[in-house]
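Student: entry.cif is reproduced below (mmCIF, C-alpha atoms (C1' of nucleotides)).
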data_my_file
#
loop_
_atom_site.label_atom_id
_atom_site.label_comp_id
_atom_site.auth_asym_id
_atom_site.auth_seq_id
_atom_site.Cartn_x
_atom_site.Cartn_y
_atom_site.Cartn_z
CA MET M 1 40.63 87.58 -126.39
CA GLN M 2 41.11 85.51 -123.29
CA GLU M 3 39.02 82.41 -123.03
CA THR M 4 39.63 82.15 -119.32
CA THR M 5 37.06 80.48 -117.19
CA HIS M 6 34.67 83.05 -115.87
CA LEU M 7 34.62 83.12 -112.12
CA GLU M 8 30.87 82.98 -111.88
CA SER M 9 30.96 80.81 -108.85
CA ASP M 10 28.58 83.25 -107.25
CA GLY M 11 25.59 81.82 -109.00
CA PRO M 12 23.39 82.08 -112.03
CA GLN M 13 24.18 84.07 -115.11
CA LEU M 14 22.28 87.17 -116.10
CA THR M 15 20.08 86.16 -118.99
CA ALA M 16 17.48 88.13 -120.84
CA THR M 17 14.81 86.20 -118.98
CA HIS M 18 16.22 87.21 -115.63
CA ARG M 19 16.49 90.80 -116.76
CA GLU M 20 12.93 90.83 -117.97
CA LEU M 21 11.61 89.46 -114.71
CA LEU M 22 13.58 91.93 -112.63
CA ASP M 23 12.41 94.74 -114.89
CA GLN M 24 8.80 93.77 -114.36
CA VAL M 25 9.14 93.58 -110.62
CA LEU M 26 11.66 96.25 -109.68
CA ASP M 27 10.43 99.11 -111.79
CA LYS M 28 9.74 102.56 -110.45
CA TRP M 29 6.22 102.03 -109.14
CA SER M 30 6.36 98.34 -108.37
CA LEU M 31 8.76 98.94 -105.51
CA HIS M 32 6.37 101.49 -104.02
CA VAL M 33 3.36 99.22 -104.45
CA LEU M 34 5.05 96.13 -103.08
CA ASP M 35 6.41 98.13 -100.20
CA GLU M 36 2.89 99.23 -99.31
CA LEU M 37 1.20 95.90 -99.88
CA CYS M 38 3.78 94.03 -97.83
CA GLU M 39 2.43 95.87 -94.84
CA GLN M 40 -1.26 95.44 -95.47
CA PRO M 41 -3.79 94.84 -98.20
CA LEU M 42 -5.07 98.02 -99.76
CA ARG M 43 -7.79 99.05 -102.15
CA PHE M 44 -7.09 100.85 -105.36
CA ASN M 45 -7.72 104.34 -104.16
CA GLU M 46 -6.06 103.64 -100.85
CA LEU M 47 -2.95 102.81 -102.81
CA ARG M 48 -3.33 106.03 -104.75
CA ARG M 49 -3.46 107.97 -101.54
CA ALA M 50 -0.54 106.02 -100.10
CA ILE M 51 1.55 106.82 -103.16
CA PRO M 52 0.31 110.26 -104.14
CA ILE M 53 2.76 110.81 -106.97
CA VAL M 54 1.45 107.91 -109.03
CA THR M 55 -1.31 108.43 -111.53
CA GLN M 56 -4.29 106.12 -111.91
CA LYS M 57 -3.03 104.91 -115.21
CA SER M 58 0.44 104.07 -113.98
CA LEU M 59 -0.94 102.45 -110.87
CA THR M 60 -3.32 100.32 -112.92
CA THR M 61 -0.54 99.29 -115.25
CA THR M 62 1.76 98.45 -112.36
CA LEU M 63 -0.89 96.44 -110.54
CA ARG M 64 -1.79 94.48 -113.67
CA ARG M 65 1.84 93.64 -114.25
CA LEU M 66 2.40 92.60 -110.65
CA GLU M 67 -0.77 90.54 -110.76
CA ARG M 68 0.29 88.85 -113.97
CA ASN M 69 3.63 87.96 -112.44
CA GLY M 70 1.93 86.52 -109.39
CA MET M 71 3.17 89.16 -106.97
CA VAL M 72 -0.22 90.53 -105.93
CA GLU M 73 -3.76 89.26 -105.84
CA ARG M 74 -6.77 91.22 -106.96
CA MET M 75 -9.83 90.48 -104.86
CA ILE M 76 -13.16 91.87 -105.97
CA ALA M 77 -15.81 92.16 -103.31
CA SER M 78 -18.99 92.59 -105.30
CA THR M 79 -21.11 93.25 -102.26
CA ARG M 80 -20.47 96.92 -101.84
CA PRO M 81 -20.69 99.56 -104.53
CA LEU M 82 -17.48 98.01 -105.64
CA ALA M 83 -14.39 97.12 -103.75
CA VAL M 84 -11.16 95.88 -105.22
CA GLU M 85 -8.55 94.88 -102.72
CA TYR M 86 -4.99 94.18 -103.62
CA ARG M 87 -2.90 91.97 -101.41
CA ILE M 88 0.55 90.55 -101.61
CA THR M 89 0.92 86.87 -102.50
CA PRO M 90 3.37 84.45 -100.88
CA LEU M 91 5.44 84.78 -104.03
CA GLY M 92 5.41 88.53 -103.66
CA LYS M 93 6.40 88.19 -100.03
CA THR M 94 9.63 86.56 -101.12
CA LEU M 95 10.64 89.93 -102.53
CA GLN M 96 10.29 91.74 -99.24
CA ASP M 97 13.78 90.98 -97.98
CA LEU M 98 15.26 92.04 -101.29
CA ILE M 99 13.35 95.29 -101.29
CA ASP M 100 14.44 95.98 -97.75
CA ALA M 101 18.02 95.23 -98.74
CA LEU M 102 17.77 97.60 -101.66
CA LEU M 103 16.38 100.33 -99.44
CA SER M 104 19.09 99.76 -96.86
CA TRP M 105 21.76 99.81 -99.50
CA SER M 106 20.55 103.05 -100.99
CA THR M 107 20.23 104.64 -97.58
CA VAL M 108 23.69 103.59 -96.49
CA ASN M 109 25.45 104.50 -99.69
CA LEU M 110 23.56 107.58 -100.74
CA PRO M 111 26.12 109.95 -99.15
CA ASP M 112 28.99 108.32 -101.02
CA VAL M 113 27.04 108.39 -104.24
CA GLU M 114 26.24 112.06 -103.83
CA ARG M 115 29.87 112.83 -103.18
CA ALA M 116 30.82 110.90 -106.30
CA ARG M 117 28.25 112.83 -108.29
CA GLU M 118 29.57 116.17 -107.11
CA ARG M 119 33.11 115.15 -107.94
CA PHE M 120 32.06 113.99 -111.39
CA ASP M 121 29.99 117.07 -112.13
CA ASN M 122 32.74 119.43 -111.03
CA GLU M 123 35.42 117.67 -113.06
CA VAL M 124 33.44 117.70 -116.27
CA MET U 1 5.09 87.41 -90.22
CA GLN U 2 5.17 90.34 -87.91
CA GLU U 3 1.99 92.35 -87.71
CA THR U 4 3.48 94.73 -85.24
CA THR U 5 2.26 97.97 -86.66
CA HIS U 6 0.55 99.05 -89.79
CA LEU U 7 3.05 101.84 -90.21
CA GLU U 8 6.23 101.74 -92.19
CA SER U 9 8.39 100.71 -89.33
CA ASP U 10 10.42 98.12 -91.15
CA GLY U 11 13.17 100.48 -92.18
CA PRO U 12 13.86 103.47 -94.33
CA GLN U 13 10.90 104.62 -96.32
CA LEU U 14 11.03 104.74 -100.05
CA THR U 15 11.67 108.31 -101.03
CA ALA U 16 12.12 109.81 -104.45
CA THR U 17 15.84 110.05 -103.77
CA HIS U 18 16.08 106.36 -103.05
CA ARG U 19 14.07 105.55 -106.12
CA GLU U 20 16.25 107.72 -108.29
CA LEU U 21 19.43 106.11 -107.03
CA LEU U 22 18.10 102.61 -107.52
CA ASP U 23 16.91 103.56 -110.99
CA GLN U 24 20.35 104.79 -111.93
CA VAL U 25 22.09 101.70 -110.69
CA LEU U 26 19.66 98.83 -111.32
CA ASP U 27 18.53 99.66 -114.81
CA LYS U 28 18.55 97.22 -117.67
CA TRP U 29 22.18 97.54 -118.74
CA SER U 30 23.76 98.55 -115.45
CA LEU U 31 23.14 95.11 -113.99
CA HIS U 32 24.89 93.50 -116.95
CA VAL U 33 27.81 95.90 -116.76
CA LEU U 34 28.26 95.66 -113.01
CA ASP U 35 27.96 91.90 -113.20
CA GLU U 36 30.81 91.79 -115.73
CA LEU U 37 33.00 94.36 -114.03
CA CYS U 38 32.67 92.68 -110.65
CA GLU U 39 34.61 89.78 -112.13
CA GLN U 40 37.34 91.72 -113.87
CA PRO U 41 38.15 95.10 -115.36
CA LEU U 42 37.26 95.35 -119.01
CA ARG U 43 37.81 97.74 -121.85
CA PHE U 44 35.00 99.32 -123.77
CA ASN U 45 34.91 96.91 -126.65
CA GLU U 46 35.53 93.98 -124.37
CA LEU U 47 32.37 94.96 -122.59
CA ARG U 48 30.57 95.19 -125.90
CA ARG U 49 31.63 91.68 -126.74
CA ALA U 50 30.73 90.45 -123.29
CA ILE U 51 27.25 91.94 -123.61
CA PRO U 52 26.55 91.57 -127.30
CA ILE U 53 22.99 92.86 -127.21
CA VAL U 54 23.96 96.31 -125.99
CA THR U 55 24.67 99.06 -128.50
CA GLN U 56 27.63 101.42 -128.23
CA LYS U 57 25.37 104.28 -127.40
CA SER U 58 23.56 102.50 -124.63
CA LEU U 59 26.79 101.15 -123.24
CA THR U 60 28.37 104.60 -123.23
CA THR U 61 25.35 106.07 -121.52
CA THR U 62 25.31 103.32 -118.94
CA LEU U 63 29.02 103.61 -118.21
CA ARG U 64 28.80 107.39 -117.86
CA ARG U 65 25.94 107.08 -115.43
CA LEU U 66 27.69 104.39 -113.41
CA GLU U 67 30.85 106.48 -113.40
CA ARG U 68 28.96 109.55 -112.26
CA ASN U 69 27.41 107.60 -109.41
CA GLY U 70 30.81 106.33 -108.35
CA MET U 71 30.16 102.70 -109.27
CA VAL U 72 32.88 102.32 -111.91
CA GLU U 73 36.17 104.00 -112.71
CA ARG U 74 37.26 105.01 -116.17
CA MET U 75 41.03 104.63 -116.64
CA ILE U 76 42.59 105.98 -119.81
CA ALA U 77 45.93 104.48 -120.80
CA SER U 78 47.26 106.99 -123.30
CA THR U 79 50.26 104.90 -124.26
CA ARG U 80 48.93 102.85 -127.12
CA PRO U 81 46.47 103.91 -129.80
CA LEU U 82 43.97 104.34 -127.02
CA ALA U 83 42.85 102.17 -124.21
CA VAL U 84 40.00 102.86 -121.83
CA GLU U 85 39.60 100.43 -119.04
CA TYR U 86 36.58 100.30 -116.81
CA ARG U 87 36.81 98.81 -113.36
CA ILE U 88 34.50 98.51 -110.43
CA THR U 89 35.00 100.82 -107.47
CA PRO U 90 34.75 99.83 -103.82
CA LEU U 91 31.39 101.57 -103.78
CA GLY U 92 30.30 99.53 -106.78
CA LYS U 93 31.51 96.39 -105.05
CA THR U 94 28.97 96.99 -102.30
CA LEU U 95 26.30 96.22 -104.88
CA GLN U 96 27.64 92.80 -105.72
CA ASP U 97 25.82 90.97 -102.96
CA LEU U 98 22.59 92.69 -103.89
CA ILE U 99 22.97 91.82 -107.53
CA ASP U 100 23.72 88.23 -106.64
CA ALA U 101 20.67 88.18 -104.42
CA LEU U 102 18.53 89.55 -107.22
CA LEU U 103 19.84 86.94 -109.62
CA SER U 104 19.28 84.17 -107.13
CA TRP U 105 15.78 85.39 -106.44
CA SER U 106 14.86 85.53 -110.10
CA THR U 107 16.35 82.10 -110.72
CA VAL U 108 14.55 80.52 -107.81
CA ASN U 109 11.21 82.12 -108.46
CA LEU U 110 11.13 82.20 -112.23
CA PRO U 111 9.17 78.92 -112.47
CA ASP U 112 6.49 80.23 -110.12
CA VAL U 113 6.32 83.49 -111.99
CA GLU U 114 5.95 81.74 -115.32
CA ARG U 115 3.17 79.59 -113.94
CA ALA U 116 1.46 82.72 -112.64
CA ARG U 117 1.80 84.35 -116.05
CA GLU U 118 0.26 81.38 -117.81
CA ARG U 119 -2.61 81.31 -115.38
CA PHE U 120 -3.19 85.03 -115.84
CA ASP U 121 -2.97 84.94 -119.61
CA ASN U 122 -5.35 82.01 -119.86
CA GLU U 123 -7.91 83.55 -117.55
CA VAL U 124 -8.00 86.85 -119.37
"C1'" DC Y 1 -31.91 115.64 -109.95
"C1'" DT Y 2 -26.83 116.54 -109.24
"C1'" DA Y 3 -22.54 115.55 -107.19
"C1'" DC Y 4 -19.22 112.49 -105.55
"C1'" DT Y 5 -16.61 108.23 -104.95
"C1'" DT Y 6 -14.65 103.85 -106.75
"C1'" DG Y 7 -12.11 101.58 -110.24
"C1'" DG Y 8 -10.82 101.95 -114.04
"C1'" DT Y 9 -10.15 103.01 -119.91
"C1'" DA Y 10 -9.09 105.99 -123.94
"C1'" DC Y 11 -6.43 109.28 -126.04
"C1'" DC Y 12 -2.51 112.44 -126.64
"C1'" DC Y 13 2.04 114.06 -126.25
"C1'" DG Y 14 6.88 114.68 -125.05
"C1'" DA Y 15 10.94 112.47 -123.39
"C1'" DA Y 16 13.71 108.35 -123.42
"C1'" DG Y 17 15.88 104.50 -125.68
"C1'" DG Y 18 17.46 101.83 -129.63
"C1'" DG Y 19 19.54 101.47 -134.47
"C1'" DA Y 20 22.50 102.84 -137.78
"C1'" DA Y 21 25.78 105.77 -139.54
"C1'" DC Y 22 29.57 108.98 -138.93
"C1'" DT Y 23 34.06 110.59 -136.53
"C1'" DT Y 24 38.78 110.76 -134.89
"C1'" DC Y 25 43.20 108.94 -133.97
"C1'" DA Y 26 46.55 105.59 -134.66
"C1'" DA Y 27 48.39 101.43 -136.64
"C1'" DC Y 28 48.85 98.10 -140.27
"C1'" DG Y 29 49.22 96.39 -145.03
"C1'" DA Y 30 50.25 96.03 -150.03
"C1'" DT I 1 50.60 106.35 -150.49
"C1'" DC I 2 46.10 105.12 -149.92
"C1'" DG I 3 42.94 102.23 -147.99
"C1'" DT I 4 41.43 99.46 -144.18
"C1'" DT I 5 40.93 98.14 -139.58
"C1'" DG I 6 40.16 98.72 -134.72
"C1'" DA I 7 39.19 101.54 -130.51
"C1'" DA I 8 36.09 104.59 -128.40
"C1'" DG I 9 32.83 107.08 -128.86
"C1'" DT I 10 29.08 110.87 -130.93
"C1'" DT I 11 25.21 112.26 -133.73
"C1'" DC I 12 20.93 111.77 -135.85
"C1'" DC I 13 16.55 109.67 -136.50
"C1'" DC I 14 12.61 107.31 -135.24
"C1'" DT I 15 9.76 104.46 -132.54
"C1'" DT I 16 8.13 103.39 -128.20
"C1'" DC I 17 6.88 103.96 -123.61
"C1'" DG I 18 5.35 106.33 -119.69
"C1'" DG I 19 2.83 110.29 -117.87
"C1'" DG I 20 -1.10 113.61 -117.95
"C1'" DT I 21 -5.74 114.59 -118.88
"C1'" DA I 22 -10.23 113.37 -119.82
"C1'" DC I 23 -13.78 110.39 -119.77
"C1'" DC I 24 -16.88 106.31 -118.32
"C1'" DA I 25 -20.12 103.15 -115.56
"C1'" DA I 26 -22.13 102.01 -111.17
"C1'" DG I 27 -23.73 103.13 -106.91
"C1'" DT I 28 -25.28 106.32 -103.24
"C1'" DA I 29 -25.55 110.58 -100.59
"C1'" DG I 30 -27.86 114.96 -100.30
#
As structure tokens, please, write out the structure in this file.

Tutor:
Amino acid sequence: MQETTHLESDGPQLTATHRELLDQVLDKWSLHVLDELCEQPLRFNELRRAIPIVTQKSLTTTLRRLERNGMVERMIASTRPLAVEYRITPLGKTLQDLIDALLSWSTVNLPDVERARERFDNEV
Amino acid sequence: MQETTHLESDGPQLTATHRELLDQVLDKWSLHVLDELCEQPLRFNELRRAIPIVTQKSLTTTLRRLERNGMVERMIASTRPLAVEYRITPLGKTLQDLIDALLSWSTVNLPDVERARERFDNEV
DNA sequence: CTACTTGGTACCCGAAGGGAACTTCAACGA
DNA sequence: TCGTTGAAGTTCCCTTCGGGTACCAAGTAG
């Protein structure tokens, strides 16, 4: 049991609050949605078509969560039959660099990861 | 803000493979584990004590997944009763900057997010 | 009228995740 | 000698969560 000083000079500690926030924002569909909305505002069914593998229910859930966390805005234009447009907020925009970094990381390292997986699966 | 094109020209697009990799590596417990192991190698029960809220089962699952993806190494010292040490791999080290960035982001933006949540919860 | 689109909600079900207990091997202790 | 403790898991159970399907209300096109 060493009580040595943790070398957390890098920054903040990982608390449950941090984890919860990252969970809400980096989950499976949120990344897709934010990725789309960073480029342009989209309506509900436009998002569905942009991300065909998501169901209505999951998309609704994801959008509500992102809206609650201040990442996207939900604009209702009552003029037409009905039009709900989702757009990224400034707060949501702050995630764009991170998302890009995550995508770059996974692209760069995917070959190594796949090699590691093969090695692991063959050994066991 | 660059409104160059409406197409996904910013970088790699988010495929299912990318999503799967990020899911395996950025899930709830993996962030905790990687955060700890980036500082120093730890044994199984040391990790448990370092992350008290994780159960053995979840920790085992997380470590196996990280090992399979080449993020951590599992070293068995058969000398004593038994000693299993987990340490970060070079591939896992490439995640450190990203994890730090995620932590910084959540720390910086948590106040805004909490304000957004309050606003949302009061409106609805 | 019916059919179709938009933007959802309601309900159901199977897989995933957590909790708690059990296991094995070795050492220690009285 | 027997029991206990600690390490490093595994197994079982049970709840929860996410996904799939179906349905709904409003408008409007044919």

Student: Please provide the set of residues having any atom within 9 Å of stretch 80-94 of chain M, restricted to only C-alpha atoms (C1' of nucleotides), with same-chain residues fewer than 5 positions apart removed, written as a ChimeraX atom specification.

Tutor: /M:34,37-44,47,63,66,69-75 /U:105,109,112-113 /Y:6-7 /I:26-28

Student: On this structure, which residues satisfy the PyMOL selection byres ((chain M) within 8 of (chain U)), written as a PDB file with C-alpha atoms, in the coordinates of the input?

Tutor:
ATOM      1  CA  HIS M   6      34.670  83.050-115.870  1.00  0.00           C
ATOM      2  CA  LEU M   7      34.620  83.120-112.120  1.00  0.00           C
ATOM      3  CA  GLU M   8      30.870  82.980-111.880  1.00  0.00           C
ATOM      4  CA  ASP M  10      28.580  83.250-107.250  1.00  0.00           C
ATOM      5  CA  GLY M  11      25.590  81.820-109.000  1.00  0.00           C
ATOM      6  CA  PRO M  12      23.390  82.080-112.030  1.00  0.00           C
ATOM      7  CA  GLN M  13      24.180  84.070-115.110  1.00  0.00           C
ATOM      8  CA  LEU M  14      22.280  87.170-116.100  1.00  0.00           C
ATOM      9  CA  HIS M  18      16.220  87.210-115.630  1.00  0.00           C
ATOM     10  CA  ARG M  19      16.490  90.800-116.760  1.00  0.00           C
ATOM     11  CA  LEU M  21      11.610  89.460-114.710  1.00  0.00           C
ATOM     12  CA  LEU M  22      13.580  91.930-112.630  1.00  0.00           C
ATOM     13  CA  ASP M  23      12.410  94.740-114.890  1.00  0.00           C
ATOM     14  CA  ASP M  27      10.430  99.110-111.790  1.00  0.00           C
ATOM     15  CA  LYS M  28       9.740 102.560-110.450  1.00  0.00           C
ATOM     16  CA  HIS M  32       6.370 101.490-104.020  1.00  0.00           C
ATOM     17  CA  GLU M  39       2.430  95.870 -94.840  1.00  0.00           C
ATOM     18  CA  GLN M  40      -1.260  95.440 -95.470  1.00  0.00           C
ATOM     19  CA  GLU M  67      -0.770  90.540-110.760  1.00  0.00           C
ATOM     20  CA  ARG M  68       0.290  88.850-113.970  1.00  0.00           C
ATOM     21  CA  ASN M  69       3.630  87.960-112.440  1.00  0.00           C
ATOM     22  CA  GLY M  70       1.930  86.520-109.390  1.00  0.00           C
ATOM     23  CA  LEU M  91       5.440  84.780-104.030  1.00  0.00           C
ATOM     24  CA  LEU M  95      10.640  89.930-102.530  1.00  0.00           C
ATOM     25  CA  LEU M  98      15.260  92.040-101.290  1.00  0.00           C
ATOM     26  CA  ASP M 100      14.440  95.980 -97.750  1.00  0.00           C
ATOM     27  CA  ALA M 101      18.020  95.230 -98.740  1.00  0.00           C
ATOM     28  CA  LEU M 102      17.770  97.600-101.660  1.00  0.00           C
ATOM     29  CA  LEU M 103      16.380 100.330 -99.440  1.00  0.00           C
ATOM     30  CA  SER M 104      19.090  99.760 -96.860  1.00  0.00           C
ATOM     31  CA  TRP M 105      21.760  99.810 -99.500  1.00  0.00           C
ATOM     32  CA  SER M 106      20.550 103.050-100.990  1.00  0.00           C
ATOM     33  CA  THR M 107      20.230 104.640 -97.580  1.00  0.00           C
ATOM     34  CA  ASN M 109      25.450 104.500 -99.690  1.00  0.00           C
ATOM     35  CA  LEU M 110      23.560 107.580-100.740  1.00  0.00           C
ATOM     36  CA  ASP M 112      28.990 108.320-101.020  1.00  0.00           C
ATOM     37  CA  VAL M 113      27.040 108.390-104.240  1.00  0.00           C
ATOM     38  CA  GLU M 114      26.240 112.060-103.830  1.00  0.00           C
ATOM     39  CA  ALA M 116      30.820 110.900-106.300  1.00  0.00           C
ATOM     40  CA  ARG M 117      28.250 112.830-108.290  1.00  0.00           C
ATOM     41  CA  PHE M 120      32.060 113.990-111.390  1.00  0.00           C
ATOM     42  CA  ASP M 121      29.990 117.070-112.130  1.00  0.00           C
TER      43      ASP M 121
END

Student: Any chance you could work out the residue set of the PyMOL selection byres ((chain I and resi 2-15) around 9) here, as a ChimeraX atom specification?

Tutor: /U:44-45,56-57,60,81-84 /Y:18-19,21-23,27-29 /I:1,16

Student: Could the residues in this selection be saved with C-alpha atoms (C1' of nucleotides) as an mmCIF file, in the coordinates of the input?

Tutor:
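Writing done, so here's part_23.cif:
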data_model
loop_
_atom_site.group_PDB
_atom_site.id
_atom_site.type_symbol
_atom_site.label_atom_id
_atom_site.label_comp_id
_atom_site.auth_asym_id
_atom_site.auth_seq_id
_atom_site.Cartn_x
_atom_site.Cartn_y
_atom_site.Cartn_z
ATOM 1 C CA PHE U 44 35.000 99.320 -123.770
ATOM 2 C CA ASN U 45 34.910 96.910 -126.650
ATOM 3 C CA GLN U 56 27.630 101.420 -128.230
ATOM 4 C CA LYS U 57 25.370 104.280 -127.400
ATOM 5 C CA THR U 60 28.370 104.600 -123.230
ATOM 6 C CA PRO U 81 46.470 103.910 -129.800
ATOM 7 C CA LEU U 82 43.970 104.340 -127.020
ATOM 8 C CA ALA U 83 42.850 102.170 -124.210
ATOM 9 C CA VAL U 84 40.000 102.860 -121.830
ATOM 10 C "C1'" DG Y 18 17.460 101.830 -129.630
ATOM 11 C "C1'" DG Y 19 19.540 101.470 -134.470
ATOM 12 C "C1'" DA Y 21 25.780 105.770 -139.540
ATOM 13 C "C1'" DC Y 22 29.570 108.980 -138.930
ATOM 14 C "C1'" DT Y 23 34.060 110.590 -136.530
ATOM 15 C "C1'" DA Y 27 48.390 101.430 -136.640
ATOM 16 C "C1'" DC Y 28 48.850 98.100 -140.270
ATOM 17 C "C1'" DG Y 29 49.220 96.390 -145.030
ATOM 18 C "C1'" DT I 1 50.600 106.350 -150.490
ATOM 19 C "C1'" DT I 16 8.130 103.390 -128.200
#

Student: Over all Cα atoms in order, fit chain U to chain M and jot down the RMSD to one decimal place.

Tutor: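 Across the paired C-alpha atoms, the RMSD reaches 3.1 Å.
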
Student: If you measure from atom C1' of Y:DG17 to atom CA of M:Gln24, what distance in Å do you get, rounded to one decimal?

Tutor: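 Going from atom C1' of Y:DG17 over to atom CA of M:Gln24, I get 17.1 Å.
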
Student: Could you check how far atom C1' of I:DG30 sits from atom CA of M:Thr55, in Å to one decimal?

Tutor: 29.6 Å

Student: For the file shown, what are the residues hit by the PyMOL selection byres ((chain I and resi 21) around 12), laid out as a compact mmCIF listing (two decimals) with C-alpha atoms (C1' of nucleotides), in the coordinates of the input?

Tutor:
# COMPACT_ATOMS: atom_id res chain seq x y z
CA THR M 55 -1.31 108.43 -111.53
CA GLN M 56 -4.29 106.12 -111.91
CA LYS M 57 -3.03 104.91 -115.21
C1' DA Y 10 -9.09 105.99 -123.94
C1' DC Y 11 -6.43 109.28 -126.04
C1' DC Y 12 -2.51 112.44 -126.64
C1' DC Y 13 2.04 114.06 -126.25
C1' DG I 19 2.83 110.29 -117.87
C1' DG I 20 -1.10 113.61 -117.95
C1' DA I 22 -10.23 113.37 -119.82
C1' DC I 23 -13.78 110.39 -119.77

Student: One decimal, Å: what's the distance from atom CA of U:Pro111 over to atom C1' of I:DC17, could you say?

Tutor: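 Between these atoms lies a distance of 27.5 Å.
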